[in-house]
$ cat my_file-v8.txt   # compact mmCIF, C-alpha atoms and all ligand atoms
# COMPACT_ATOMS: atom_id res chain seq x y z
CA ILE A 1273 17.65 4.66 1.18
CA VAL A 1274 15.20 6.57 -1.00
CA VAL A 1275 16.68 9.51 -2.90
CA SER A 1276 14.92 12.18 -4.94
CA PRO A 1277 16.02 12.91 -8.55
CA SER A 1278 17.42 16.31 -7.48
CA GLN A 1279 19.97 14.56 -5.23
CA LEU A 1280 21.58 12.68 -8.12
CA GLN A 1281 24.07 14.34 -10.43
CA ASP A 1282 26.86 12.74 -12.49
CA ASN A 1283 26.49 9.41 -10.70
CA GLN A 1284 26.88 11.15 -7.35
CA ILE A 1285 24.14 11.38 -4.73
CA SER A 1286 24.37 14.30 -2.31
CA LEU A 1287 23.03 12.78 0.89
CA THR A 1288 20.72 14.72 3.21
CA PRO A 1289 21.73 15.14 6.90
CA GLU A 1290 19.01 12.57 7.81
CA GLN A 1291 20.33 10.04 5.32
CA LEU A 1292 23.90 10.56 6.53
CA HIS A 1293 22.77 10.16 10.11
CA TYR A 1294 21.02 6.90 9.21
CA LEU A 1295 24.02 5.51 7.31
CA VAL A 1296 26.76 6.63 9.68
CA ARG A 1297 25.16 6.68 13.14
CA VAL A 1298 22.42 4.05 12.82
CA LEU A 1299 24.00 1.56 10.39
CA ARG A 1300 27.61 2.43 11.44
CA SER A 1301 28.74 2.67 7.82
CA TYR A 1302 32.20 3.98 6.91
CA ASP A 1303 33.59 5.48 3.72
CA GLY A 1304 33.74 2.76 1.09
CA ASP A 1305 30.81 0.79 2.54
CA LYS A 1306 28.12 -0.06 0.03
CA PHE A 1307 24.39 0.58 0.30
CA ILE A 1308 21.36 0.51 -1.97
CA ALA A 1309 19.76 3.76 -3.12
CA ILE A 1310 16.33 3.72 -4.76
CA ASP A 1311 14.35 6.48 -6.43
CA GLY A 1312 10.98 5.01 -5.45
CA THR A 1313 9.77 4.74 -9.05
CA GLY A 1314 11.59 1.53 -9.99
CA LYS A 1315 15.35 2.22 -10.04
CA TRP A 1316 17.87 0.60 -7.68
CA TRP A 1317 21.51 1.64 -7.50
CA LEU A 1318 24.43 -0.05 -5.78
CA THR A 1319 26.15 2.88 -4.13
CA LYS A 1320 29.34 3.53 -2.13
CA LEU A 1321 29.53 5.95 0.78
CA GLN A 1322 32.13 8.67 0.33
CA GLY A 1323 32.00 11.58 2.75
CA GLU A 1324 28.69 13.33 2.30
CA PHE A 1325 28.05 11.57 -1.00
CA GLY A 1326 26.94 8.24 -2.35
CA ILE A 1327 28.88 7.23 -5.45
CA VAL A 1328 26.73 5.18 -7.84
CA LEU A 1329 28.57 2.01 -8.85
CA GLU A 1330 25.89 0.14 -10.75
CA LEU A 1331 22.24 0.23 -11.78
CA LEU A 1332 20.77 -3.02 -10.46
CA GLU A 1333 18.07 -5.04 -12.17
CA VAL A 1334 15.66 -6.07 -9.44
CA GLN A 1335 12.00 -6.98 -9.50
CA THR A 1336 10.31 -7.10 -6.12
CA GLU A 1337 6.95 -5.64 -7.15
CA LEU A 1338 3.67 -7.56 -7.35
CA PRO A 1339 2.83 -8.46 -10.97
CA ILE A 1340 -0.59 -6.86 -10.48
CA SER A 1341 -1.49 -3.35 -9.35
CA VAL A 1342 -3.60 -3.36 -6.18
CA THR A 1343 -5.43 -0.26 -4.98
CA LEU A 1344 -6.90 -0.42 -1.49
CA LEU A 1345 -9.81 1.80 -0.50
CA LEU A 1346 -9.54 1.78 3.26
CA ALA A 1347 -12.10 3.33 5.55
CA LEU A 1348 -10.16 5.23 8.19
CA PRO A 1349 -10.09 3.52 11.58
CA LYS A 1350 -9.97 5.29 14.92
CA GLY A 1351 -6.65 6.27 16.52
CA ASN A 1352 -3.33 5.39 14.94
CA GLY A 1353 -4.40 2.05 13.46
CA PHE A 1354 -3.85 3.37 9.96
CA ASP A 1355 -0.08 3.66 10.52
CA ASP A 1356 0.14 -0.11 10.90
CA VAL A 1357 -2.08 -0.70 7.86
CA VAL A 1358 0.10 1.53 5.66
CA ARG A 1359 3.27 -0.21 6.87
CA ALA A 1360 1.99 -3.76 6.45
CA CYS A 1361 0.28 -3.15 3.10
CA THR A 1362 3.44 -1.51 1.73
CA GLU A 1363 5.46 -4.56 2.76
CA LEU A 1364 2.88 -6.75 1.00
CA GLY A 1365 3.13 -4.85 -2.28
CA VAL A 1366 0.14 -2.47 -2.48
CA ALA A 1367 0.33 0.08 -5.33
CA ASN A 1368 -2.11 2.72 -4.05
CA ILE A 1369 -3.84 3.38 -0.76
CA VAL A 1370 -6.93 5.59 -0.64
CA PRO A 1371 -7.93 6.69 2.88
CA VAL A 1372 -11.71 6.77 2.75
CA LEU A 1373 -14.14 8.80 4.83
CA SER A 1374 -17.07 6.44 5.23
CA ASP A 1375 -20.47 6.89 6.88
CA ARG A 1376 -19.04 5.38 10.08
CA THR A 1377 -15.67 7.17 10.03
CA LEU A 1378 -15.50 9.61 12.89
CA LEU A 1379 -12.69 11.96 11.98
CA ASN A 1380 -11.28 13.71 8.96
CA PRO A 1381 -7.49 13.24 9.33
CA SER A 1382 -5.15 16.23 9.55
CA PRO A 1383 -2.66 17.00 6.72
CA GLN A 1384 0.09 15.99 9.18
CA LYS A 1385 -1.36 12.49 9.29
CA LEU A 1386 -1.19 12.19 5.53
CA GLU A 1387 2.46 13.30 5.63
CA ARG A 1388 3.11 10.72 8.36
CA TRP A 1389 1.53 7.89 6.32
CA ARG A 1390 3.63 8.87 3.31
CA ARG A 1391 6.80 8.78 5.44
CA ILE A 1392 5.79 5.35 6.78
CA ALA A 1393 5.27 4.12 3.20
CA ILE A 1394 8.81 5.25 2.30
CA GLU A 1395 10.32 3.53 5.36
CA ALA A 1396 8.41 0.31 4.63
CA THR A 1397 9.46 0.43 0.97
CA GLU A 1398 13.10 0.60 2.08
CA GLN A 1399 12.67 -2.13 4.67
CA SER A 1400 10.89 -4.52 2.32
CA GLU A 1401 13.31 -3.84 -0.56
CA ARG A 1402 10.60 -2.76 -2.93
CA THR A 1403 11.48 -0.57 -5.88
CA ILE A 1404 8.30 1.52 -6.00
CA ILE A 1405 6.86 3.60 -3.17
CA PRO A 1406 3.09 3.16 -2.98
CA THR A 1407 0.98 6.25 -3.50
CA ILE A 1408 -1.10 7.39 -0.54
CA LEU A 1409 -3.86 9.55 -1.98
CA GLU A 1410 -5.56 12.45 -0.21
CA PRO A 1411 -8.45 11.20 1.95
CA MET A 1412 -11.75 11.26 0.06
CA THR A 1413 -15.35 10.29 0.66
CA PHE A 1414 -16.38 6.77 -0.30
CA LYS A 1415 -18.68 8.15 -2.97
CA ALA A 1416 -15.88 10.22 -4.52
CA ALA A 1417 -13.53 7.21 -4.44
CA LEU A 1418 -16.09 5.01 -6.19
CA SER A 1419 -16.43 7.40 -9.07
CA ALA A 1420 -12.76 8.50 -9.27
CA LEU A 1421 -11.12 5.09 -9.45
CA THR A 1422 -11.48 2.44 -12.11
CA ALA A 1423 -10.05 -1.06 -12.52
CA GLU A 1424 -10.80 -4.32 -14.27
CA GLN A 1425 -11.64 -6.05 -10.99
CA LYS A 1426 -13.39 -4.23 -8.13
CA TYR A 1427 -14.31 -5.88 -4.84
CA ILE A 1428 -15.92 -4.68 -1.63
CA CYS A 1429 -15.18 -6.81 1.45
CA GLU A 1430 -18.20 -7.56 3.61
CA GLY A 1431 -18.09 -10.35 6.17
CA ARG A 1432 -21.70 -10.85 7.19
CA ASN A 1433 -23.70 -11.66 4.06
CA ASN A 1434 -22.40 -15.08 3.01
CA ASN A 1435 -20.66 -13.55 0.02
CA PRO A 1436 -18.45 -15.71 -2.21
CA HIS A 1437 -14.79 -15.73 -1.14
CA LEU A 1438 -12.41 -13.21 -2.72
CA LEU A 1439 -10.10 -16.08 -3.69
CA SER A 1440 -12.72 -17.70 -5.91
CA TYR A 1441 -12.99 -14.52 -8.01
CA LEU A 1442 -9.23 -14.02 -8.11
CA GLN A 1443 -8.72 -17.57 -9.37
CA ASN A 1444 -11.37 -17.18 -12.08
CA GLN A 1445 -9.95 -13.87 -13.22
CA LYS A 1446 -6.30 -14.87 -13.19
CA GLN A 1447 -6.30 -16.27 -16.73
CA ILE A 1448 -8.09 -13.24 -18.14
CA THR A 1449 -5.86 -10.28 -18.92
CA ASN A 1450 -5.77 -8.45 -15.69
CA ASN A 1451 -3.42 -6.02 -14.13
CA GLN A 1452 -5.53 -3.87 -11.85
CA ILE A 1453 -7.59 -4.69 -8.78
CA ILE A 1454 -9.40 -2.38 -6.37
CA ILE A 1455 -10.40 -3.70 -2.96
CA ALA A 1456 -12.55 -1.73 -0.52
CA ILE A 1457 -12.36 -2.48 3.21
CA GLY A 1458 -14.77 -0.95 5.69
CA PRO A 1459 -14.32 0.67 9.13
CA GLU A 1460 -14.62 -1.04 12.53
CA GLY A 1461 -18.40 -0.52 12.46
CA GLY A 1462 -18.64 -1.98 8.93
CA TRP A 1463 -20.12 -0.49 5.74
CA THR A 1464 -23.66 0.91 5.85
CA ASP A 1465 -26.32 -0.65 3.59
CA THR A 1466 -26.31 2.54 1.51
CA GLU A 1467 -22.55 2.26 0.94
CA LEU A 1468 -22.82 -1.41 0.00
CA GLN A 1469 -25.60 -0.65 -2.45
CA LEU A 1470 -23.69 2.26 -3.99
CA ALA A 1471 -20.60 0.08 -4.42
CA THR A 1472 -22.49 -2.76 -6.10
CA GLU A 1473 -24.21 -0.27 -8.41
CA THR A 1474 -20.73 0.98 -9.39
CA GLY A 1475 -19.58 -2.54 -10.32
CA TYR A 1476 -18.00 -3.68 -7.05
CA GLN A 1477 -18.41 -7.37 -6.26
CA PRO A 1478 -19.18 -8.04 -2.55
CA VAL A 1479 -16.73 -10.66 -1.25
CA SER A 1480 -15.85 -12.56 1.90
CA LEU A 1481 -12.37 -13.01 3.38
CA GLY A 1482 -13.41 -16.08 5.37
CA LYS A 1483 -15.85 -16.99 8.10
CA ARG A 1484 -14.25 -14.98 10.86
CA ILE A 1485 -14.72 -11.23 11.22
CA LEU A 1486 -11.36 -9.54 10.89
CA ARG A 1487 -10.38 -6.18 12.31
CA ALA A 1488 -10.29 -3.36 9.79
CA ILE A 1489 -6.49 -3.36 10.07
CA THR A 1490 -6.19 -7.14 9.50
CA ALA A 1491 -8.55 -7.46 6.51
CA PRO A 1492 -6.35 -5.59 3.96
CA THR A 1493 -3.32 -7.74 4.78
CA VAL A 1494 -5.37 -10.89 4.22
CA ALA A 1495 -6.59 -9.62 0.84
CA LEU A 1496 -3.05 -8.69 -0.24
CA SER A 1497 -1.63 -12.02 0.96
CA LEU A 1498 -4.18 -13.90 -1.18
CA ILE A 1499 -3.30 -11.82 -4.22
CA SER A 1500 0.45 -12.23 -3.82
CA ALA A 1501 0.14 -15.98 -3.16
CA LEU A 1502 -1.95 -16.41 -6.30
CA HIS A 1503 0.12 -14.21 -8.59
CA GLU A 1504 3.64 -14.88 -7.33
CA VAL A 1505 3.66 -18.62 -6.76
N1 LIG A 1601 -19.19 -4.98 12.73
C1 LIG A 1601 -18.73 -4.86 11.40
C2 LIG A 1601 -19.71 -5.49 10.40
O1 LIG A 1601 -20.74 -5.94 10.88
O2 LIG A 1601 -19.49 -5.47 9.22
C3 LIG A 1601 -17.35 -5.49 11.29
C4 LIG A 1601 -16.48 -4.69 10.45
S1 LIG A 1601 -14.86 -5.37 10.25
C5 LIG A 1601 -14.22 -5.13 11.85
C6 LIG A 1601 -14.10 -4.14 9.28
C7 LIG A 1601 -14.08 -4.39 7.80
O3 LIG A 1601 -13.19 -5.46 7.50
C8 LIG A 1601 -15.39 -4.80 7.17
O4 LIG A 1601 -16.17 -3.67 6.85
C9 LIG A 1601 -14.95 -5.55 5.93
O5 LIG A 1601 -14.65 -4.67 4.88
C10 LIG A 1601 -13.68 -6.21 6.40
N2 LIG A 1601 -13.86 -7.59 6.86
C11 LIG A 1601 -13.61 -8.08 8.09
N3 LIG A 1601 -13.82 -9.40 8.15
C12 LIG A 1601 -14.24 -9.76 6.92
C13 LIG A 1601 -14.61 -11.01 6.34
N4 LIG A 1601 -14.60 -12.14 7.02
N5 LIG A 1601 -14.97 -11.00 5.04
C14 LIG A 1601 -14.99 -9.87 4.31
N6 LIG A 1601 -14.64 -8.66 4.82
C15 LIG A 1601 -14.27 -8.61 6.10

$ encode --input "my_file-v8.txt" --output "structure tokens" --more "lines below"
Ligand code: SAM
Amino acid sequence: IVVSPSQLQDNQISLTPEQLHYLVRVLRSYDGDKFIAIDGTGKWWLTKLQGEFGIVLELLEVQTELPISVTLLLALPKGNGFDDVVRACTELGVANIVPVLSDRTLLNPSPQKLERWRRIAIEATEQSERTIIPTILEPMTFKAALSALTAEQKYICEGRNNNPHLLSYLQNQKQITNNQIIIAIGPEGGWTDTELQLATETGYQPVSLGKRILRAITAPTVALSLISALHEV
């Protein structure tokens, strides 16, 4: 479970009613049973349930994070598709997700949606045994995202222009000192020509993810899978 710093005092975690419910009712844990508590910024503790508290037994050394920081600029899809993207990309090791309002995005999401995505990121961090919760930034326009975010490697995925494959760039760059990648993925209707031009002018390399056109919710998982395969194998 993910705990906030204010819950931990003298090696004792005061569990929230939701956390207790999860441990006792959902997982059927009893006093003395062990569980893992994480702070979401890199620390893992082996912890023992005792009444309404978790007693910290040991700080564990674990490394489940990608060796490279990946930021995804994701044009918001219609409906609840973004929930699945946040969940899957968290499992795959994304560091930051930027929900982007693109020319072909219909709706500006409500603050409740942002809260929901952040909750999903926490759940997926727990489930996938990561140590760091990815950051979900406030939604911003594509233009604002292009100027606000910097990285050594920046790619914009575009499936229709015979672009070189993302993997070919990743392989070339792997030997060069590199720890940050930004990848932009468009909405169901694709990027507009103006957006593509703006991105290339800002240093984004247009790339392909293969010959088939992927749904906006599939494309980010393919990009992350390529990165983890290349950097973790
Ligand atoms: N009709 C749109 C078009 O013509 O571009 C299809 C958009 S696709 C459903 C949604 C987004 O996923 C695209 O904007 C792109 O960023 C990414 N994408 C999907 N398939 C891709 C591929 N084969 N190569 C690169 N990017 C792809």

$ atom_distance --input "my_file-v8.txt" --atom1 "atom CA of A:Ser1341" --atom2 "atom CA of A:Gly1312"
15.5 Å

$ residues_near_ligand --input "my_file-v8.txt" --ligand "ligand LIG 1601 (chain A)" --cutoff "6 Å" --atoms "only C-alpha atoms and all ligand atoms" --output "list in words"
Cys1429, Glu1430, Gly1431, Ile1457, Gly1458, Pro1459, Glu1460, Gly1461, Gly1462, Trp1463, Val1479, Ser1480, Leu1481, Gly1482, Lys1483, Arg1484, Ile1485, Leu1486, Arg1487, Ala1488 and Ala1491 of chain A

$ closest_residue --input "my_file-v8.txt" --among "A:Leu1345, A:Arg1297, A:Pro1478, A:Ile1394" --to "A:His1437" --atoms "only C-alpha atoms"
A:Pro1478

$ atom_distance --input "my_file-v8.txt" --atom1 "atom CA of A:Ser1301" --atom2 "atom CA of A:Trp1317"
17.0 Å

$ closest_residue --input "my_file-v8.txt" --among "A:Asp1282, A:Trp1389, A:Val1298, A:Asn1451" --to "A:Gly1353" --atoms "all atoms listed in the file"
A:Trp1389

$ closest_residue --input "my_file-v8.txt" --among "A:Thr1288, A:Ser1276, A:Gln1322, A:Ser1497" --to "A:Leu1439" --atoms "all atoms listed in the file"
A:Ser1497

$ atom_distance --input "my_file-v8.txt" --atom1 "atom CA of A:Arg1376" --atom2 "atom CA of A:Val1358"
20.0 Å

$ axis_aligned_box --input "my_file-v8.txt" --around "stretch 1463-1477 of chain A" --padding-each-side "8 Å" --output "lines of an AutoDock Vina configuration file"
center_x = -22.2
center_y = -2.4
center_z = -2.2
size_x = 24.3
size_y = 25.9
size_z = 32.2

$ residues_around --input "my_file-v8.txt" --residues "A:Lys1306" --least-positions-apart "2" --cutoff "8 Å" --atoms "only C-alpha atoms" --output "list in words"
Gly1304, Ile1308, Leu1318, Thr1319, Lys1320 and Leu1321 of chain A

$ write_last_selection --input "my_file-v8.txt" --atoms "C-alpha atoms" --output "compact mmCIF listing (two decimals), in the frame of the given file"
# COMPACT_ATOMS: atom_id res chain seq x y z
CA GLY A 1304 33.74 2.76 1.09
CA ILE A 1308 21.36 0.51 -1.97
CA LEU A 1318 24.43 -0.05 -5.78
CA THR A 1319 26.15 2.88 -4.13
CA LYS A 1320 29.34 3.53 -2.13
CA LEU A 1321 29.53 5.95 0.78

$ closest_residue --input "my_file-v8.txt" --among "A:Val1328, A:Leu1386, A:Ala1501, A:Leu1338" --to "A:Asp1355" --atoms "all atoms listed in the file"
A:Leu1386

$ residues_around --input "my_file-v8.txt" --residues "stretch 1411-1414 of chain A" --least-positions-apart "5" --cutoff "6 Å" --atoms "all atoms listed in the file" --output "list in words"
Pro1371, Val1372, Leu1373 and Ser1374 of chain A

$ residues_around --input "my_file-v8.txt" --residues "A:Glu1324" --least-positions-apart "6" --cutoff "8 Å" --atoms "all atoms listed in the file" --output "list in words"
Ser1286, Leu1287 and Leu1292 of chain A

$ build_atoms --input "my_file-v8.txt" --residues "stretch 1395-1426 of chain A" --atoms "N, CA and C atoms" --output "PDB file, in the coordinates of the input"
ATOM      1  N   GLU A1395       9.522   4.406   4.473  1.00  0.00           N
ATOM      2  CA  GLU A1395      10.320   3.530   5.360  1.00  0.00           C
ATOM      3  C   GLU A1395      10.052   2.051   5.059  1.00  0.00           C
ATOM      4  N   ALA A1396       8.761   1.721   4.866  1.00  0.00           N
ATOM      5  CA  ALA A1396       8.410   0.310   4.630  1.00  0.00           C
ATOM      6  C   ALA A1396       8.882  -0.146   3.253  1.00  0.00           C
ATOM      7  N   THR A1397       8.929   0.773   2.298  1.00  0.00           N
ATOM      8  CA  THR A1397       9.460   0.430   0.970  1.00  0.00           C
ATOM      9  C   THR A1397      10.943   0.066   1.092  1.00  0.00           C
ATOM     10  N   GLU A1398      11.676   0.886   1.874  1.00  0.00           N
ATOM     11  CA  GLU A1398      13.100   0.600   2.080  1.00  0.00           C
ATOM     12  C   GLU A1398      13.278  -0.741   2.777  1.00  0.00           C
ATOM     13  N   GLN A1399      12.518  -0.920   3.861  1.00  0.00           N
ATOM     14  CA  GLN A1399      12.670  -2.130   4.670  1.00  0.00           C
ATOM     15  C   GLN A1399      12.358  -3.388   3.877  1.00  0.00           C
ATOM     16  N   SER A1400      11.328  -3.307   3.022  1.00  0.00           N
ATOM     17  CA  SER A1400      10.890  -4.520   2.320  1.00  0.00           C
ATOM     18  C   SER A1400      11.592  -4.681   0.973  1.00  0.00           C
ATOM     19  N   GLU A1401      12.532  -3.777   0.686  1.00  0.00           N
ATOM     20  CA  GLU A1401      13.310  -3.840  -0.560  1.00  0.00           C
ATOM     21  C   GLU A1401      12.432  -3.828  -1.787  1.00  0.00           C
ATOM     22  N   ARG A1402      11.399  -2.995  -1.724  1.00  0.00           N
ATOM     23  CA  ARG A1402      10.600  -2.760  -2.930  1.00  0.00           C
ATOM     24  C   ARG A1402      11.316  -1.718  -3.782  1.00  0.00           C
ATOM     25  N   THR A1403      10.874  -1.589  -5.020  1.00  0.00           N
ATOM     26  CA  THR A1403      11.480  -0.570  -5.880  1.00  0.00           C
ATOM     27  C   THR A1403      10.552   0.631  -6.077  1.00  0.00           C
ATOM     28  N   ILE A1404       9.272   0.438  -5.777  1.00  0.00           N
ATOM     29  CA  ILE A1404       8.300   1.520  -6.000  1.00  0.00           C
ATOM     30  C   ILE A1404       7.591   1.873  -4.691  1.00  0.00           C
ATOM     31  N   ILE A1405       7.571   3.153  -4.388  1.00  0.00           N
ATOM     32  CA  ILE A1405       6.860   3.600  -3.170  1.00  0.00           C
ATOM     33  C   ILE A1405       5.371   3.687  -3.487  1.00  0.00           C
ATOM     34  N   PRO A1406       4.517   3.041  -2.695  1.00  0.00           N
ATOM     35  CA  PRO A1406       3.090   3.160  -2.980  1.00  0.00           C
ATOM     36  C   PRO A1406       2.597   4.597  -2.822  1.00  0.00           C
ATOM     37  N   THR A1407       1.579   4.915  -3.585  1.00  0.00           N
ATOM     38  CA  THR A1407       0.980   6.250  -3.500  1.00  0.00           C
ATOM     39  C   THR A1407      -0.091   6.245  -2.413  1.00  0.00           C
ATOM     40  N   ILE A1408      -0.017   7.226  -1.516  1.00  0.00           N
ATOM     41  CA  ILE A1408      -1.100   7.390  -0.540  1.00  0.00           C
ATOM     42  C   ILE A1408      -1.875   8.634  -0.996  1.00  0.00           C
ATOM     43  N   LEU A1409      -3.080   8.424  -1.464  1.00  0.00           N
ATOM     44  CA  LEU A1409      -3.860   9.550  -1.980  1.00  0.00           C
ATOM     45  C   LEU A1409      -4.421  10.399  -0.842  1.00  0.00           C
ATOM     46  N   GLU A1410      -4.855  11.598  -1.181  1.00  0.00           N
ATOM     47  CA  GLU A1410      -5.560  12.450  -0.210  1.00  0.00           C
ATOM     48  C   GLU A1410      -6.829  11.724   0.240  1.00  0.00           C
ATOM     49  N   PRO A1411      -7.192  11.838   1.517  1.00  0.00           N
ATOM     50  CA  PRO A1411      -8.450  11.200   1.950  1.00  0.00           C
ATOM     51  C   PRO A1411      -9.625  11.729   1.128  1.00  0.00           C
ATOM     52  N   MET A1412     -10.546  10.833   0.797  1.00  0.00           N
ATOM     53  CA  MET A1412     -11.750  11.260   0.060  1.00  0.00           C
ATOM     54  C   MET A1412     -12.961  10.492   0.559  1.00  0.00           C
ATOM     55  N   THR A1413     -14.145  11.002   0.225  1.00  0.00           N
ATOM     56  CA  THR A1413     -15.350  10.290   0.660  1.00  0.00           C
ATOM     57  C   THR A1413     -15.458   8.993  -0.152  1.00  0.00           C
ATOM     58  N   PHE A1414     -16.206   8.061   0.381  1.00  0.00           N
ATOM     59  CA  PHE A1414     -16.380   6.770  -0.300  1.00  0.00           C
ATOM     60  C   PHE A1414     -17.008   6.987  -1.671  1.00  0.00           C
ATOM     61  N   LYS A1415     -17.980   7.881  -1.715  1.00  0.00           N
ATOM     62  CA  LYS A1415     -18.680   8.150  -2.970  1.00  0.00           C
ATOM     63  C   LYS A1415     -17.694   8.692  -4.012  1.00  0.00           C
ATOM     64  N   ALA A1416     -16.859   9.631  -3.582  1.00  0.00           N
ATOM     65  CA  ALA A1416     -15.880  10.220  -4.520  1.00  0.00           C
ATOM     66  C   ALA A1416     -14.906   9.146  -4.996  1.00  0.00           C
ATOM     67  N   ALA A1417     -14.490   8.273  -4.065  1.00  0.00           N
ATOM     68  CA  ALA A1417     -13.530   7.210  -4.440  1.00  0.00           C
ATOM     69  C   ALA A1417     -14.155   6.256  -5.452  1.00  0.00           C
ATOM     70  N   LEU A1418     -15.429   5.939  -5.258  1.00  0.00           N
ATOM     71  CA  LEU A1418     -16.090   5.010  -6.190  1.00  0.00           C
ATOM     72  C   LEU A1418     -16.119   5.570  -7.600  1.00  0.00           C
ATOM     73  N   SER A1419     -16.340   6.876  -7.708  1.00  0.00           N
ATOM     74  CA  SER A1419     -16.430   7.400  -9.070  1.00  0.00           C
ATOM     75  C   SER A1419     -15.057   7.782  -9.633  1.00  0.00           C
ATOM     76  N   ALA A1420     -14.074   8.053  -8.761  1.00  0.00           N
ATOM     77  CA  ALA A1420     -12.760   8.500  -9.270  1.00  0.00           C
ATOM     78  C   ALA A1420     -11.887   7.350  -9.756  1.00  0.00           C
ATOM     79  N   LEU A1421     -12.087   6.159  -9.189  1.00  0.00           N
ATOM     80  CA  LEU A1421     -11.120   5.090  -9.450  1.00  0.00           C
ATOM     81  C   LEU A1421     -11.729   3.978 -10.292  1.00  0.00           C
ATOM     82  N   THR A1422     -10.971   3.527 -11.275  1.00  0.00           N
ATOM     83  CA  THR A1422     -11.480   2.440 -12.110  1.00  0.00           C
ATOM     84  C   THR A1422     -10.442   1.311 -12.170  1.00  0.00           C
ATOM     85  N   ALA A1423     -10.928   0.101 -12.380  1.00  0.00           N
ATOM     86  CA  ALA A1423     -10.050  -1.060 -12.520  1.00  0.00           C
ATOM     87  C   ALA A1423     -10.837  -2.185 -13.149  1.00  0.00           C
ATOM     88  N   GLU A1424     -10.109  -3.187 -13.659  1.00  0.00           N
ATOM     89  CA  GLU A1424     -10.800  -4.320 -14.270  1.00  0.00           C
ATOM     90  C   GLU A1424     -11.577  -5.130 -13.228  1.00  0.00           C
ATOM     91  N   GLN A1425     -10.967  -5.296 -12.053  1.00  0.00           N
ATOM     92  CA  GLN A1425     -11.640  -6.050 -10.990  1.00  0.00           C
ATOM     93  C   GLN A1425     -11.854  -5.123  -9.795  1.00  0.00           C
ATOM     94  N   LYS A1426     -13.096  -5.084  -9.285  1.00  0.00           N
ATOM     95  CA  LYS A1426     -13.390  -4.230  -8.130  1.00  0.00           C
ATOM     96  C   LYS A1426     -14.169  -5.048  -7.101  1.00  0.00           C
TER      97      LYS A1426
END
